[in-house]
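work28.csv follows (CSV, N, CA and C atoms):
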chain,number,residue,atom,x,y,z
G,21,MET,N,0.8,-1.2,0.0
G,21,MET,CA,0.0,0.0,0.0
G,21,MET,C,0.9,1.2,0.0
G,22,LYS,N,0.5,2.2,-0.8
G,22,LYS,CA,1.3,3.4,-1.0
G,22,LYS,C,1.0,4.3,0.2
G,23,ARG,N,2.1,4.9,0.7
G,23,ARG,CA,2.0,5.8,1.9
G,23,ARG,C,1.6,7.2,1.4
G,24,LYS,N,0.7,7.8,2.2
G,24,LYS,CA,0.2,9.2,1.8
G,24,LYS,C,1.0,10.2,2.6
G,25,ARG,N,1.5,11.2,1.9
G,25,ARG,CA,2.2,12.3,2.5
G,25,ARG,C,1.4,13.5,2.5
G,26,HIS,N,1.4,14.2,3.5
G,26,HIS,CA,0.7,15.5,3.7
G,26,HIS,C,1.6,16.7,3.4
G,27,THR,N,1.0,17.7,2.8
G,27,THR,CA,1.8,19.0,2.6
G,27,THR,C,1.9,19.7,4.0
G,28,PRO,N,2.8,20.6,4.1
G,28,PRO,CA,2.9,21.4,5.4
G,28,PRO,C,1.6,22.1,5.7
G,29,GLU,N,0.9,22.6,4.6
G,29,GLU,CA,-0.4,23.3,4.8
G,29,GLU,C,-1.5,22.4,5.4
G,30,GLN,N,-1.5,21.1,4.9
G,30,GLN,CA,-2.4,20.2,5.4
G,30,GLN,C,-2.2,19.8,6.9
G,31,ILE,N,-0.9,19.7,7.2
G,31,ILE,CA,-0.5,19.3,8.6
G,31,ILE,C,-0.9,20.4,9.5
G,32,ILE,N,-0.7,21.7,9.1
G,32,ILE,CA,-1.0,22.8,10.0
G,32,ILE,C,-2.5,22.9,10.2
G,33,ARG,N,-3.3,22.6,9.1
G,33,ARG,CA,-4.8,22.6,9.2
G,33,ARG,C,-5.2,21.5,10.1
G,34,LYS,N,-4.6,20.3,10.0
G,34,LYS,CA,-5.1,19.2,10.9
G,34,LYS,C,-4.7,19.5,12.3
G,35,LEU,N,-3.6,20.1,12.6
G,35,LEU,CA,-3.2,20.4,14.0
G,35,LEU,C,-4.1,21.5,14.6
G,36,ARG,N,-4.5,22.5,13.8
G,36,ARG,CA,-5.4,23.5,14.3
G,36,ARG,C,-6.8,22.9,14.6
G,37,ASN,N,-7.2,22.0,13.7
G,37,ASN,CA,-8.5,21.3,13.9
G,37,ASN,C,-8.4,20.4,15.1
G,38,ALA,N,-7.3,19.8,15.3
G,38,ALA,CA,-7.1,18.9,16.5
G,38,ALA,C,-7.2,19.8,17.8
G,39,ALA,N,-6.5,20.9,17.8
G,39,ALA,CA,-6.6,21.8,19.0
G,39,ALA,C,-8.0,22.2,19.3
G,40,ARG,N,-8.8,22.6,18.2
G,40,ARG,CA,-10.1,23.0,18.4
G,40,ARG,C,-11.0,21.9,18.9
G,41,LEU,N,-10.8,20.7,18.4
G,41,LEU,CA,-11.6,19.5,18.8
G,41,LEU,C,-11.3,19.2,20.3
G,42,LEU,N,-10.0,19.2,20.6
G,42,LEU,CA,-9.6,18.9,22.0
G,42,LEU,C,-10.1,19.9,23.0
G,43,SER,N,-10.2,21.2,22.6
G,43,SER,CA,-10.7,22.2,23.5
G,43,SER,C,-12.2,22.1,23.6
G,44,GLU,N,-12.9,21.4,22.7
G,44,GLU,CA,-14.3,21.2,22.8
G,44,GLU,C,-14.6,20.0,23.7
G,45,GLY,N,-13.5,19.3,24.2
G,45,GLY,CA,-13.7,18.2,25.1
G,45,GLY,C,-13.6,16.8,24.5
G,46,LYS,N,-13.3,16.7,23.2
G,46,LYS,CA,-13.2,15.4,22.6
G,46,LYS,C,-11.9,14.7,23.1
G,47,ASP,N,-11.9,13.4,23.1
G,47,ASP,CA,-10.7,12.7,23.5
G,47,ASP,C,-9.8,12.5,22.3
G,48,ILE,N,-8.5,12.1,22.5
G,48,ILE,CA,-7.5,12.0,21.5
G,48,ILE,C,-7.9,11.0,20.5
G,49,ALA,N,-8.4,9.9,20.9
G,49,ALA,CA,-8.8,8.8,20.0
G,49,ALA,C,-9.8,9.3,18.9
G,50,SER,N,-10.8,10.0,19.4
G,50,SER,CA,-11.8,10.5,18.4
G,50,SER,C,-11.3,11.6,17.5
G,51,VAL,N,-10.4,12.4,18.1
G,51,VAL,CA,-9.8,13.4,17.3
G,51,VAL,C,-8.9,12.8,16.2
G,52,CYS,N,-8.2,11.8,16.5
G,52,CYS,CA,-7.3,11.1,15.5
G,52,CYS,C,-8.2,10.5,14.4
G,53,GLN,N,-9.3,9.9,14.9
G,53,GLN,CA,-10.2,9.2,13.9
G,53,GLN,C,-10.8,10.3,13.0
G,54,THR,N,-11.2,11.4,13.5
G,54,THR,CA,-11.7,12.5,12.7
G,54,THR,C,-10.7,13.0,11.7
G,55,LEU,N,-9.5,13.2,12.1
G,55,LEU,CA,-8.4,13.7,11.3
G,55,LEU,C,-7.8,12.7,10.4
G,56,GLU,N,-8.1,11.4,10.6
G,56,GLU,CA,-7.6,10.3,9.8
G,56,GLU,C,-6.1,10.2,9.9
G,57,VAL,N,-5.6,10.3,11.2
G,57,VAL,CA,-4.2,10.0,11.5
G,57,VAL,C,-4.1,9.0,12.7
G,58,SER,N,-3.0,8.4,12.8
G,58,SER,CA,-2.9,7.4,14.0
G,58,SER,C,-2.5,8.2,15.2
G,59,GLU,N,-2.8,7.6,16.4
G,59,GLU,CA,-2.5,8.3,17.6
G,59,GLU,C,-1.0,8.5,17.8
G,60,ALA,N,-0.2,7.5,17.3
G,60,ALA,CA,1.3,7.6,17.3
G,60,ALA,C,1.8,8.8,16.5
G,61,THR,N,1.2,9.0,15.3
G,61,THR,CA,1.5,10.2,14.5
G,61,THR,C,1.1,11.5,15.2
G,62,PHE,N,0.0,11.5,15.8
G,62,PHE,CA,-0.5,12.7,16.5
G,62,PHE,C,0.4,13.0,17.7
G,63,ARG,N,0.8,12.1,18.4
G,63,ARG,CA,1.6,12.3,19.6
G,63,ARG,C,3.1,12.7,19.3
G,64,ALA,N,3.5,12.4,18.0
G,64,ALA,CA,4.8,12.7,17.6
G,64,ALA,C,5.0,14.2,17.2
G,65,ARG,N,3.9,14.9,17.2
G,65,ARG,CA,4.0,16.3,16.8
G,65,ARG,C,4.8,17.1,17.7

Can the structure from this file be put into structure tokens for me?
Amino acid sequence: MKRKRHTPEQIIRKLRNAARLLSEGKDIASVCQTLEVSEATFRAR
């Protein structure tokens, strides 16, 4: 399976969305599922 790479703009957008979702009280697992990234990738930021 081919690996998907994100552009810097996409990464910034996903991190901003993650911050917004976390501030709304969502847990990390649901945020990662919404953003379509793994928890390991999200925690490596």

Exercise. Mind checking which residues fall within 12 Å of Thr54 (chain G), counting only C-alpha atoms, ignoring those fewer than 3 positions away in the same chain, and posting them as JSON, numbers by chain?
Key: {"G": [34, 35, 37, 38, 41, 42, 46, 47, 48, 49, 50, 51, 57, 58, 59, 62]}

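Atom pair CA of Arg25 (chain G) / CA of Ser43 (chain G) has a distance of 26.6 Å (rounded to one decimal).
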
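Between atom N of Cys52 (chain G) and CA of Ala39 (chain G) the interatomic distance comes to 10.4 Å.
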
Quiz item: When you draw a straight line from CA of Glu44 (chain G) to atom C of His26 (chain G), how long is it in Å?
Solution: 25.5 Å

Quiz item: Could you pull out all residues of chain G with a DSSP call of alpha helix (DSSP H) and give them as a PyMOL selection string?
Solution: chain G and resi 28-43+48-55+59-63
